[in-house]
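Quick look at final12.cif (mmCIF, C-alpha atoms):
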data_data
loop_
_atom_site.label_atom_id
_atom_site.label_comp_id
_atom_site.auth_asym_id
_atom_site.auth_seq_id
_atom_site.Cartn_x
_atom_site.Cartn_y
_atom_site.Cartn_z
CA MET L 1 0.00 0.00 0.00
CA ARG L 2 2.83 2.37 0.85
CA LYS L 3 4.42 1.88 -2.54
CA ILE L 4 1.37 2.07 -4.77
CA TRP L 5 -0.24 5.28 -3.50
CA TRP L 6 0.93 7.11 -6.62
CA LYS L 7 -1.04 4.72 -8.83
CA PHE L 8 -4.23 5.70 -7.04
CA LEU L 9 -3.17 9.32 -7.42
CA ALA L 10 -2.62 8.82 -11.16
CA ALA L 11 -5.99 7.12 -11.66
CA GLY L 12 -7.81 9.74 -9.59
CA LEU L 13 -6.18 12.67 -11.33
CA LEU L 14 -6.86 11.16 -14.73
CA LEU L 15 -10.53 10.67 -13.88
CA TYR L 16 -10.64 14.27 -12.64
CA THR L 17 -8.95 15.46 -15.86
CA VAL L 18 -11.38 13.62 -18.12
CA ILE L 19 -14.50 14.70 -16.23
CA PHE L 20 -13.58 18.32 -15.57
CA GLY L 21 -11.76 18.60 -18.86
CA LEU L 22 -15.00 17.89 -20.68
CA ILE L 23 -17.58 19.62 -18.48
CA GLY L 24 -15.52 22.40 -16.90
CA GLU L 25 -15.76 26.06 -17.83
CA VAL L 26 -13.44 27.20 -20.61
CA PRO L 27 -13.00 30.71 -21.97
CA ARG L 28 -14.49 31.39 -25.44
CA GLN L 29 -11.65 32.10 -27.84
CA PRO L 30 -12.04 32.94 -31.52
CA ILE L 31 -11.20 29.96 -33.77
CA LEU L 32 -10.23 27.81 -30.80
CA ASN L 33 -13.72 27.65 -29.26
CA GLU L 34 -14.28 24.34 -27.49
CA THR L 35 -11.19 22.71 -29.00
CA ILE L 36 -9.17 24.45 -26.29
CA ARG L 37 -10.05 21.42 -24.14
CA ASN L 38 -7.52 19.48 -26.17
CA VAL L 39 -4.89 21.35 -24.18
CA TYR L 40 -5.54 18.83 -21.35
CA PHE L 41 -4.68 15.90 -23.61
CA HIS L 42 -2.31 17.15 -26.31
CA VAL L 43 0.10 19.21 -24.23
CA PRO L 44 0.55 16.70 -21.36
CA MET L 45 1.60 14.10 -23.98
CA TRP L 46 4.70 16.19 -24.64
CA PHE L 47 5.38 16.65 -20.96
CA GLY L 48 5.01 12.90 -20.52
CA MET L 49 7.27 12.17 -23.49
CA MET L 50 9.94 14.54 -22.19
CA ALA L 51 9.78 13.08 -18.69
CA LEU L 52 10.10 9.52 -20.04
CA MET L 53 12.95 10.47 -22.39
CA ILE L 54 14.82 12.07 -19.51
CA SER L 55 14.26 8.95 -17.38
CA SER L 56 15.55 6.83 -20.25
CA LEU L 57 18.62 9.08 -20.48
CA VAL L 58 19.27 8.85 -16.73
CA TYR L 59 19.14 5.04 -16.83
CA SER L 60 21.43 4.95 -19.86
CA ILE L 61 23.99 7.03 -17.96
CA LYS L 62 23.55 4.76 -14.96
CA TYR L 63 24.14 1.72 -17.15
CA LEU L 64 27.38 3.13 -18.51
CA ARG L 65 28.55 3.92 -14.99
CA ASN L 66 28.02 0.51 -13.42
CA GLY L 67 26.95 -1.95 -16.14
CA GLN L 68 23.86 -3.42 -14.47
CA VAL L 69 21.64 -5.17 -17.06
CA GLN L 70 18.62 -3.98 -15.09
CA ASP L 71 19.37 -0.32 -15.89
CA ASP L 72 19.43 -1.14 -19.58
CA VAL L 73 15.94 -2.68 -19.34
CA TYR L 74 14.72 0.50 -17.63
CA ALA L 75 16.22 2.71 -20.35
CA VAL L 76 14.66 0.68 -23.17
CA GLU L 77 11.18 0.54 -21.71
CA PHE L 78 11.10 4.24 -20.85
CA ALA L 79 12.10 4.97 -24.46
CA ASN L 80 9.39 2.60 -25.72
CA VAL L 81 6.64 4.34 -23.80
CA ALA L 82 8.09 7.74 -24.76
CA ILE L 83 7.58 6.80 -28.42
CA ILE L 84 3.96 5.85 -27.74
CA PHE L 85 3.38 9.19 -26.01
CA GLY L 86 5.07 10.95 -28.92
CA VAL L 87 2.79 9.24 -31.46
CA LEU L 88 -0.29 10.03 -29.36
CA GLY L 89 0.75 13.67 -29.06
CA PHE L 90 1.33 13.77 -32.79
CA ILE L 91 -2.15 12.38 -33.52
CA THR L 92 -3.98 14.63 -31.04
CA GLY L 93 -2.02 17.58 -32.41
CA SER L 94 -2.89 16.89 -36.02
CA ILE L 95 -6.60 16.45 -35.21
CA TRP L 96 -6.49 19.76 -33.37
CA GLY L 97 -4.53 21.44 -36.14
CA ASN L 98 -7.02 20.21 -38.70
CA TYR L 99 -9.82 22.24 -37.10
CA THR L 100 -7.91 25.32 -35.93
CA TRP L 101 -5.11 25.84 -38.45
CA GLY L 102 -6.99 24.18 -41.29
CA ASP L 103 -4.21 21.70 -41.93
CA PRO L 104 -3.31 18.53 -40.03
CA LEU L 105 0.41 18.89 -40.85
CA PRO L 106 1.34 22.55 -41.31
CA LYS L 107 4.95 23.65 -41.72
CA ASP L 108 6.01 24.15 -38.16
CA PRO L 109 9.38 23.71 -36.44
CA LYS L 110 7.85 21.92 -33.45
CA ILE L 111 6.16 19.32 -35.63
CA ILE L 112 9.44 18.77 -37.48
CA ALA L 113 11.24 18.46 -34.14
CA VAL L 114 8.85 15.76 -33.03
CA GLU L 115 9.14 13.86 -36.29
CA VAL L 116 12.92 13.91 -35.89
CA GLY L 117 12.56 12.77 -32.29
CA LEU L 118 10.47 9.79 -33.35
CA LEU L 119 13.05 8.98 -36.05
CA ILE L 120 15.86 9.11 -33.48
CA TYR L 121 14.14 6.73 -31.10
CA SER L 122 13.16 4.39 -33.94
CA ALA L 123 16.83 4.35 -34.96
CA TYR L 124 17.63 3.48 -31.34
CA PHE L 125 15.50 0.34 -31.66
CA VAL L 126 16.97 -0.55 -35.05
CA LEU L 127 20.41 -0.27 -33.45
CA ARG L 128 19.37 -2.58 -30.62
CA GLY L 129 17.97 -5.07 -33.08
CA SER L 130 21.24 -5.41 -34.93
CA PHE L 131 23.28 -6.91 -32.10
CA GLU L 132 23.10 -10.39 -30.62
CA ASP L 133 25.34 -9.95 -27.62
CA GLU L 134 23.42 -8.50 -24.65
CA GLN L 135 26.25 -6.51 -23.10
CA LYS L 136 27.38 -5.06 -26.40
CA LYS L 137 23.80 -4.19 -27.36
CA ALA L 138 23.22 -2.48 -24.04
CA ARG L 139 26.46 -0.50 -24.07
CA LEU L 140 26.24 0.72 -27.68
CA SER L 141 22.59 1.66 -27.43
CA ALA L 142 23.23 3.52 -24.16
CA VAL L 143 25.94 5.56 -25.89
CA TYR L 144 23.61 6.30 -28.78
CA ASN L 145 20.76 7.22 -26.44
CA ILE L 146 22.85 9.84 -24.64
CA PHE L 147 24.27 11.22 -27.86
CA ALA L 148 20.88 11.37 -29.57
CA PHE L 149 19.21 13.03 -26.61
CA ALA L 150 21.84 15.76 -26.52
CA SER L 151 21.46 16.55 -30.19
CA PHE L 152 17.66 16.35 -29.96
CA MET L 153 17.45 18.99 -27.24
CA PRO L 154 18.62 22.00 -29.31
CA LEU L 155 16.06 21.00 -31.92
CA VAL L 156 13.22 21.16 -29.42
CA TRP L 157 14.18 24.06 -27.20
CA ILE L 158 16.37 26.42 -29.23
CA LEU L 159 15.48 26.20 -32.92
CA PRO L 160 11.69 26.81 -32.62
CA ARG L 161 12.43 30.00 -30.71
CA LEU L 162 14.61 31.31 -33.54
CA THR L 163 12.03 30.76 -36.26
CA ASP L 164 8.33 31.43 -36.57
CA SER L 165 6.00 28.78 -35.29
CA LEU L 166 2.25 28.37 -35.23
CA HIS L 167 2.47 27.03 -31.72
CA PRO L 168 1.77 29.44 -28.89
CA GLY L 169 4.83 30.78 -27.13
CA ASN L 170 7.10 30.92 -30.17
CA GLY L 171 7.89 33.44 -32.83
CA GLY L 172 5.68 36.20 -31.45
CA ASN L 173 2.65 34.02 -30.71
CA PRO L 174 1.51 34.50 -27.13
CA ALA L 175 1.68 31.43 -24.92
CA PHE L 176 -1.47 29.84 -23.58
CA GLY L 177 -0.45 30.60 -20.05
CA LYS L 178 -0.41 34.33 -20.68
CA TYR L 179 -3.76 35.08 -22.26
CA ASP L 180 -5.92 32.10 -23.10
CA MET L 181 -5.90 30.03 -19.98
CA ASP L 182 -7.91 31.26 -17.03
CA SER L 183 -7.66 29.95 -13.49
CA ASN L 184 -10.43 27.39 -14.12
CA MET L 185 -8.41 25.81 -16.88
CA ARG L 186 -5.25 25.86 -14.87
CA MET L 187 -6.98 23.87 -12.14
CA VAL L 188 -7.38 21.06 -14.67
CA PHE L 189 -4.24 21.58 -16.75
CA TYR L 190 -1.61 21.11 -14.04
CA PRO L 191 -3.21 17.96 -12.58
CA ALA L 192 -3.54 16.65 -16.15
CA ILE L 193 0.22 16.99 -16.72
CA LEU L 194 0.98 15.17 -13.48
CA ALA L 195 -1.60 12.47 -14.25
CA TRP L 196 -0.26 11.70 -17.71
CA ILE L 197 3.36 11.61 -16.52
CA LEU L 198 2.38 9.21 -13.74
CA VAL L 199 0.45 7.01 -16.18
CA GLY L 200 3.51 6.92 -18.44
CA VAL L 201 5.71 5.86 -15.55
CA TRP L 202 3.12 3.27 -14.54
CA ILE L 203 2.97 1.68 -18.01
CA SER L 204 6.77 1.61 -18.20
CA SER L 205 7.08 0.09 -14.75
CA LEU L 206 4.71 -2.72 -15.78
CA ARG L 207 6.73 -3.37 -18.93
CA ILE L 208 9.97 -3.27 -16.96
CA ARG L 209 8.65 -5.82 -14.48
CA ILE L 210 7.51 -8.18 -17.25
CA LYS L 211 10.89 -7.89 -18.96
CA LEU L 212 12.83 -8.45 -15.75
CA LEU L 213 10.69 -11.50 -14.88
CA ASN L 214 11.27 -12.86 -18.39
CA ASN L 215 15.01 -12.36 -18.00
CA HIS L 216 14.86 -14.09 -14.65
CA LEU L 217 12.96 -17.05 -16.11
CA GLN L 218 15.44 -17.41 -18.95
CA ASP L 219 18.38 -17.31 -16.56
CA ASN L 220 16.89 -20.18 -14.56
CA LEU L 221 16.17 -22.38 -17.55
CA MET U 1 49.21 15.99 -27.34
CA GLN U 2 52.08 14.17 -29.05
CA GLU U 3 49.95 11.04 -29.07
CA ILE U 4 47.12 12.81 -30.90
CA LYS U 5 49.57 14.26 -33.41
CA ASN U 6 51.07 10.84 -34.09
CA LEU U 7 47.64 9.27 -34.54
CA ILE U 8 46.60 11.97 -37.02
CA MET U 9 49.88 11.51 -38.93
CA LYS U 10 49.23 7.76 -38.98
CA ASP U 11 45.79 8.30 -40.51
CA ILE U 12 47.13 10.69 -43.13
CA ILE U 13 49.95 8.33 -44.09
CA LEU U 14 47.57 5.37 -44.28
CA GLU U 15 45.25 7.38 -46.51
CA TRP U 16 48.18 8.39 -48.70
CA ARG U 17 49.36 4.81 -49.10
CA GLN U 18 46.00 3.41 -50.12
CA LYS U 19 44.97 6.19 -52.45
CA TYR U 20 42.02 4.30 -53.89
CA ALA U 21 39.80 5.11 -50.90
CA PHE U 22 40.68 8.79 -51.08
CA ASN U 23 40.24 8.91 -54.85
CA GLY U 24 36.93 7.15 -54.38
CA MET U 25 35.70 9.92 -52.06
CA VAL U 26 36.79 12.66 -54.46
CA LEU U 27 35.16 10.84 -57.35
CA TYR U 28 31.99 10.42 -55.29
CA VAL U 29 31.71 14.18 -54.82
CA VAL U 30 32.55 14.93 -58.45
CA SER U 31 30.12 12.42 -59.91
CA THR U 32 27.27 13.50 -57.62
CA VAL U 33 27.78 17.11 -58.65
CA PHE U 34 27.87 16.04 -62.27
CA MET U 35 24.64 14.11 -61.86
CA CYS U 36 22.96 17.18 -60.42
CA TYR U 37 24.36 19.21 -63.29
CA ILE U 38 22.87 16.83 -65.84
CA SER U 39 19.50 16.56 -64.15
CA PHE U 40 19.03 20.26 -63.28
CA LYS U 41 21.18 22.60 -65.28
CA LEU U 42 21.23 20.77 -68.58
CA LYS U 43 17.50 20.02 -68.64
CA THR U 44 16.01 23.31 -67.55
CA ASN U 45 19.05 25.61 -67.64
CA SER U 46 17.90 27.27 -64.45
CA ILE U 47 17.94 26.47 -60.77
CA GLU U 48 16.28 28.28 -57.91
CA PRO U 49 18.81 29.72 -55.42
CA ILE U 50 17.19 27.80 -52.54
CA THR U 51 17.36 24.53 -54.46
CA TRP U 52 20.97 25.31 -55.37
CA ASN U 53 21.85 25.71 -51.69
CA THR U 54 19.93 22.69 -50.40
CA LEU U 55 21.25 20.45 -53.15
CA PHE U 56 24.80 21.39 -52.26
CA TRP U 57 24.28 20.58 -48.58
CA ILE U 58 22.70 17.24 -49.42
CA ILE U 59 25.71 16.37 -51.58
CA ILE U 60 28.03 17.34 -48.71
CA LEU U 61 25.93 15.35 -46.22
CA PHE U 62 26.04 12.19 -48.31
CA SER U 63 29.74 12.44 -49.06
CA ALA U 64 30.39 13.05 -45.34
CA VAL U 65 28.42 9.96 -44.30
CA ASN U 66 30.07 7.97 -47.05
CA SER U 67 33.64 8.95 -46.25
CA ILE U 68 33.45 8.89 -42.45
CA THR U 69 31.75 5.48 -42.32
CA LYS U 70 35.08 3.81 -42.97
CA SER U 71 36.90 5.52 -40.05
CA PHE U 72 36.81 2.41 -37.92
CA ILE U 73 36.25 -0.41 -40.39
CA GLN U 74 39.24 0.44 -42.55
CA GLU U 75 41.66 -1.17 -40.13
CA LYS U 76 41.63 -4.77 -38.95
CA THR U 77 40.37 -5.71 -35.50
CA GLY U 78 43.83 -6.90 -34.52
CA ARG U 79 45.36 -3.56 -35.24
CA GLN U 80 42.62 -1.80 -33.29
CA LEU U 81 43.47 -4.03 -30.35
CA TYR U 82 47.05 -2.87 -30.71
CA TYR U 83 46.00 0.81 -30.55
CA TYR U 84 43.91 -0.06 -27.53
CA GLN U 85 47.09 -1.17 -25.77
CA ILE U 86 49.23 1.83 -26.61
CA ALA U 87 46.89 4.84 -26.80
CA LYS U 88 44.26 6.48 -24.63
CA PRO U 89 40.71 6.23 -26.10
CA SER U 90 40.24 9.98 -25.66
CA SER U 91 43.23 10.75 -27.85
CA ILE U 92 42.05 8.23 -30.45
CA ILE U 93 38.66 9.90 -30.81
CA LEU U 94 40.16 13.40 -30.87
CA ALA U 95 42.66 12.33 -33.52
CA LYS U 96 39.89 10.75 -35.60
CA ILE U 97 37.69 13.84 -35.27
CA ILE U 98 40.51 16.19 -36.27
CA TYR U 99 41.50 13.96 -39.16
CA ASN U 100 37.91 13.66 -40.38
CA PHE U 101 37.51 17.41 -39.97
CA LEU U 102 40.50 18.03 -42.24
CA LEU U 103 39.13 15.51 -44.71
CA MET U 104 35.67 17.09 -44.67
CA VAL U 105 37.06 20.62 -45.09
CA PHE U 106 39.04 19.40 -48.07
CA LEU U 107 36.08 17.54 -49.59
CA GLY U 108 33.69 20.41 -48.83
CA PHE U 109 35.91 23.06 -50.43
CA LEU U 110 36.63 20.83 -53.40
CA GLY U 111 32.92 20.07 -53.72
CA PHE U 112 32.10 23.77 -53.56
CA LEU U 113 34.67 24.56 -56.25
CA ILE U 114 33.34 21.90 -58.62
CA TYR U 115 29.76 22.74 -57.76
CA SER U 116 30.23 26.41 -58.54
CA ILE U 117 31.98 25.58 -61.82
CA PHE U 118 29.12 23.36 -62.97
CA MET U 119 26.09 24.96 -61.36
CA GLY U 120 27.25 28.56 -61.09
CA ASN U 121 28.27 30.38 -57.93
CA LYS U 122 25.29 31.95 -56.22
CA ALA U 123 27.00 32.86 -52.93
CA GLU U 124 27.41 36.60 -52.64
CA ASN U 125 29.24 36.62 -49.33
CA LEU U 126 31.81 33.97 -50.12
CA GLY U 127 33.64 34.29 -46.78
CA LEU U 128 30.49 33.57 -44.80
CA TYR U 129 29.60 30.65 -47.08
CA LEU U 130 33.02 29.09 -46.56
CA LEU U 131 32.71 29.71 -42.82
CA SER U 132 29.42 27.82 -42.77
CA LEU U 133 31.11 25.05 -44.73
CA THR U 134 33.90 24.86 -42.14
CA LEU U 135 31.48 24.86 -39.20
CA GLY U 136 29.47 22.19 -40.96
CA ALA U 137 32.57 20.08 -41.53
CA LEU U 138 33.35 20.29 -37.80
CA GLY U 139 29.85 19.28 -36.73
CA PHE U 140 29.56 16.49 -39.30
CA SER U 141 32.96 15.03 -38.48
CA ALA U 142 32.40 15.09 -34.72
CA SER U 143 28.98 13.45 -34.74
CA LEU U 144 29.66 11.05 -37.59
CA THR U 145 32.92 9.81 -36.05
CA LEU U 146 31.17 8.64 -32.89
CA ILE U 147 28.32 7.10 -34.88
CA ALA U 148 30.83 5.36 -37.16
CA GLY U 149 32.30 3.91 -33.98
CA ILE U 150 28.88 2.57 -32.97
CA ALA U 151 27.95 1.32 -36.44
CA SER U 152 31.31 -0.37 -37.01
CA LYS U 153 30.48 -2.90 -34.28
CA SER U 154 27.55 -4.22 -36.30
CA ASP U 155 27.50 -6.34 -39.44
CA ASN U 156 25.36 -3.91 -41.41
CA THR U 157 27.61 -0.86 -41.02
CA ALA U 158 26.54 1.21 -44.01
CA GLY U 159 22.79 0.86 -43.48
CA LEU U 160 23.01 1.52 -39.76
CA MET U 161 25.23 4.54 -40.35
CA ALA U 162 22.58 6.30 -42.43
CA VAL U 163 19.72 5.43 -40.09
CA LEU U 164 21.58 6.55 -36.97
CA SER U 165 23.19 9.69 -38.33
CA PHE U 166 20.50 11.43 -40.39
CA PRO U 167 18.14 12.34 -37.55
CA ILE U 168 21.09 13.47 -35.43
CA LEU U 169 22.51 15.66 -38.19
CA LEU U 170 19.15 17.29 -38.97
CA PRO U 171 19.30 20.13 -36.41
CA ILE U 172 22.77 21.19 -37.48
CA LEU U 173 21.92 20.76 -41.15
CA SER U 174 18.87 23.00 -40.92
CA MET U 175 20.91 25.68 -39.14
CA LEU U 176 23.67 25.39 -41.75
CA ILE U 177 21.20 25.80 -44.60
CA LYS U 178 19.87 28.91 -42.89
CA LEU U 179 23.35 30.37 -42.37
CA SER U 180 24.45 29.64 -45.92
CA LYS U 181 21.20 31.16 -47.20
CA ASN U 182 22.22 34.35 -45.39
CA ALA U 183 25.61 34.11 -47.09
CA MET U 184 23.93 33.69 -50.48
CA ASP U 185 21.85 36.80 -49.93
CA GLY U 186 25.05 38.69 -49.25
CA LEU U 187 24.17 39.62 -45.68
CA ALA U 188 27.02 40.86 -43.51
CA PHE U 189 28.60 38.74 -40.79
CA ARG U 190 26.84 40.80 -38.17
CA ALA U 191 23.40 39.67 -39.35
CA SER U 192 24.21 35.99 -38.82
CA TYR U 193 25.80 36.05 -35.35
CA ASP U 194 22.83 34.11 -33.94
CA GLU U 195 23.18 31.24 -36.39
CA ILE U 196 26.97 31.11 -36.06
CA LEU U 197 26.62 31.01 -32.29
CA VAL U 198 24.03 28.21 -32.32
CA ILE U 199 26.01 26.10 -34.80
CA SER U 200 29.24 26.54 -32.82
CA GLY U 201 27.30 25.61 -29.68
CA ILE U 202 25.98 22.42 -31.25
CA ASP U 203 29.49 21.61 -32.55
CA LEU U 204 30.93 22.04 -29.06
CA ILE U 205 28.25 19.85 -27.46
CA VAL U 206 28.81 17.12 -30.04
CA ILE U 207 32.60 17.19 -29.64
CA ALA U 208 32.38 17.12 -25.86
CA LEU U 209 29.92 14.20 -25.93
CA SER U 210 32.02 12.21 -28.40
CA TYR U 211 35.03 12.77 -26.16
CA MET U 212 33.16 11.54 -23.10
CA LEU U 213 31.29 8.63 -24.66
CA PHE U 214 33.97 7.11 -26.87
CA PRO U 215 35.86 5.31 -24.06
CA PHE U 216 32.72 3.19 -23.49
CA LEU U 217 32.61 2.20 -27.16
CA TRP U 218 36.26 1.43 -27.34
CA LYS U 219 36.06 -1.14 -24.58
CA SER U 220 33.79 -3.51 -26.47
#
Rendering of file as structure tokens:
Amino acid sequence: MRKIWWKFLAAGLLLYTVIFGLIGEVPRQPILNETIRNVYFHVPMWFGMMALMISSLVYSIKYLRNGQVQDDVYAVEFANVAIIFGVLGFITGSIWGNYTWGDPLPKDPKIIAVEVGLLIYSAYFVLRGSFEDEQKKARLSAVYNIFAFASFMPLVWILPRLTDSLHPGNGGNPAFGKYDMDSNMRMVFYPAILAWILVGVWISSLRIRIKLLNNHLQDNL
Amino acid sequence: MQEIKNLIMKDIILEWRQKYAFNGMVLYVVSTVFMCYISFKLKTNSIEPITWNTLFWIIILFSAVNSITKSFIQEKTGRQLYYYQIAKPSSIILAKIIYNFLLMVFLGFLGFLIYSIFMGNKAENLGLYLLSLTLGALGFSASLTLIAGIASKSDNTAGLMAVLSFPILLPILSMLIKLSKNAMDGLAFRASYDEILVISGIDLIVIALSYMLFPFLWKS
């Protein structure tokens, strides 16, 4: 019970997000109208993806420091779930963009950044698939993970701020936090971020446990 | 320091002795430029400045991937084991990066010369264009050297090299295209400080990471 309290928290917050995200008061904005509710689902996907990618990075560094196979399993599964979050964010974003910007895939540096991010992590799995030896696979993919993360970061945080973007907060567009979101929305938005991050960690922890149990079974055979 | 110098000299001498690899790289650049010449200039006799610029960077990107791939597979495993005994991994990666940088600067400048002969020179601020070429050579060589180290451990080196390196090179490539576009428009150095700063920053990050991560690769 002591260790699983955060799972109840995640489930509760998610329920709260879904219910109050759909029935709560939102400000009327031109063009955006009711679609502004997507902010509870689209934006937290990116927060979740970032949190999972950073966890994956931390475990890759840990693996290189002490060479525990367990850390490698953690890094892989966090990256796996990060990709799923990335794809979900991509889909919710393009549905939203279809109705507000009139185009599911407009030219936008943030969309390009995410496509590159998905390519990088897919390459990570291709790299893992091409080695037989466990130790070698783990070490090389950990090196690539760290290297890829470091070159992915400027793409996400620096480049969109230098060019124009349709997304709020870049290139002269005001951020949601400044004008569009009132305190009612914020009461749902911040719990939503926390809820989705926790759900991401939960899914990864389940996958990690299955993988570790599988490894354990194979060792005993 | 001496160690790094010796390792670079070793690479240059090796390259000089087996000239076919080097000639192959030069021929690769020349024939790609010639193919672009035939398919663009000869057919329509005109090329948009933006296409001119992007095409050049794609040629440079492919020749960089192609020539740096062989950094670690050129020499036999036994000989690599020998280097492992006598040299520090950090000096090996620095030597490889510097050597590949020199190679890329040479190939880039040569490519630019041939490209401007065939396709016309559209760069108004030549100094800035060559600066972007040099910065690009530094970034490409640093990131591709580490990735060549990773890919060389696998059986499918060439395929893995492309898959692993393209997404990583994209940020720097897009910045380089922007900087060289400024150079083509003849803007002064002052107008492109931002881009130069960001590209140098990415270059530094990539070099520092290669330096830190290579010892882990070298062990296996």
In Å and to one decimal, CA of Gly127 in chain U is distant from CA of Phe22 in chain U by 26.8 Å
Report as an MDAnalysis selection string the set of chain L residues whose atoms approach chain U to within 10 Å, with distances computed over only C-alpha atoms. chainID L and resid 64:65 112:113 115:124 126:127 130:132 135:137 139:144 146:156 158:159 162
Please write as an MDAnalysis selection string the full residue list that the PyMOL selection byres ((chain L and resi 45) around 12) yields on this file. chainID L and resid 38:44 46:52 81:93 114 189 192:200
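A straight line drawn from CA of Leu105 in chain L to CA of His167 in chain L is 12.4 Å long.
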Residue contacts of Glu48 in chain U (12 Å, only C-alpha atoms) excluding same-chain residues fewer than 5 positions away, as a list in words: Phe40, Lys41, Asn53, Thr54, Leu55, Met119, Gly120, Lys122 and Met184 of chain U
I need the residues from that last selection saved to file as a PDB file, in the coordinates of the input (with C-alpha atoms), if you can.
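What ended up in part20.pdb:
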ATOM      1  CA  PHE U  40      19.030  20.260 -63.280  1.00  0.00           C
ATOM      2  CA  LYS U  41      21.180  22.600 -65.280  1.00  0.00           C
ATOM      3  CA  ASN U  53      21.850  25.710 -51.690  1.00  0.00           C
ATOM      4  CA  THR U  54      19.930  22.690 -50.400  1.00  0.00           C
ATOM      5  CA  LEU U  55      21.250  20.450 -53.150  1.00  0.00           C
ATOM      6  CA  MET U 119      26.090  24.960 -61.360  1.00  0.00           C
ATOM      7  CA  GLY U 120      27.250  28.560 -61.090  1.00  0.00           C
ATOM      8  CA  LYS U 122      25.290  31.950 -56.220  1.00  0.00           C
ATOM      9  CA  MET U 184      23.930  33.690 -50.480  1.00  0.00           C
TER      10      MET U 184
END
Quick one: apply the PyMOL selection byres ((chain L and resi 15-20) around 9) to the file and drop the selected residues here as a ChimeraX atom specification. /L:10-14,21-25,40-41,188-189,191-192,195
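Across the structure, CA of Pro89 in chain U and CA of Pro215 in chain U are spaced 5.3 Å apart.
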Expand the PyMOL selection byres ((chain U and resi 192) around 10) into the individual residues it matches in the shown file, reporting them as a PDB file with C-alpha atoms, keeping the file's coordinate frame.
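What landed in part-v8.pdb:
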ATOM      1  CA  LEU U 128      30.490  33.570 -44.800  1.00  0.00           C
ATOM      2  CA  LYS U 178      19.870  28.910 -42.890  1.00  0.00           C
ATOM      3  CA  LEU U 179      23.350  30.370 -42.370  1.00  0.00           C
ATOM      4  CA  SER U 180      24.450  29.640 -45.920  1.00  0.00           C
ATOM      5  CA  ASN U 182      22.220  34.350 -45.390  1.00  0.00           C
ATOM      6  CA  ALA U 183      25.610  34.110 -47.090  1.00  0.00           C
ATOM      7  CA  LEU U 187      24.170  39.620 -45.680  1.00  0.00           C
ATOM      8  CA  ALA U 188      27.020  40.860 -43.510  1.00  0.00           C
ATOM      9  CA  PHE U 189      28.600  38.740 -40.790  1.00  0.00           C
ATOM     10  CA  ARG U 190      26.840  40.800 -38.170  1.00  0.00           C
ATOM     11  CA  ALA U 191      23.400  39.670 -39.350  1.00  0.00           C
ATOM     12  CA  TYR U 193      25.800  36.050 -35.350  1.00  0.00           C
ATOM     13  CA  ASP U 194      22.830  34.110 -33.940  1.00  0.00           C
ATOM     14  CA  GLU U 195      23.180  31.240 -36.390  1.00  0.00           C
ATOM     15  CA  ILE U 196      26.970  31.110 -36.060  1.00  0.00           C
ATOM     16  CA  LEU U 197      26.620  31.010 -32.290  1.00  0.00           C
TER      17      LEU U 197
END
If we count all atoms listed in the file, what is near range 204-217 of chain L at a cut-off of 8 Å, once residues fewer than 2 positions away on the same chain are taken out, given as a PyMOL selection string? chain L and resi 70+73-74+77-78+81+200-202+219-221
For C-alpha atoms, I'd like the residues from the last selection saved as a compact mmCIF listing (two decimals), keeping the file's coordinate frame.
# COMPACT_ATOMS: atom_id res chain seq x y z
CA GLN L 70 18.62 -3.98 -15.09
CA VAL L 73 15.94 -2.68 -19.34
CA TYR L 74 14.72 0.50 -17.63
CA GLU L 77 11.18 0.54 -21.71
CA PHE L 78 11.10 4.24 -20.85
CA VAL L 81 6.64 4.34 -23.80
CA GLY L 200 3.51 6.92 -18.44
CA VAL L 201 5.71 5.86 -15.55
CA TRP L 202 3.12 3.27 -14.54
CA ASP L 219 18.38 -17.31 -16.56
CA ASN L 220 16.89 -20.18 -14.56
CA LEU L 221 16.17 -22.38 -17.55
Of the candidates L:Thr100, L:Asn80, L:Thr35, L:Asn145, which shows the shortest atom-to-atom distance to Tyr63 in chain L, using only C-alpha atoms? L:Asn145
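Closest approach to Val69 in chain L among L:Val26, L:Ile36, L:Met187, L:Ala138 is made by L:Ala138 (distances from only C-alpha atoms).
Shortest atom-to-atom contact with Lys10 in chain U among U:Tyr83, U:Ile47, U:Glu124, U:Ile207: U:Tyr83, counting only C-alpha atoms.
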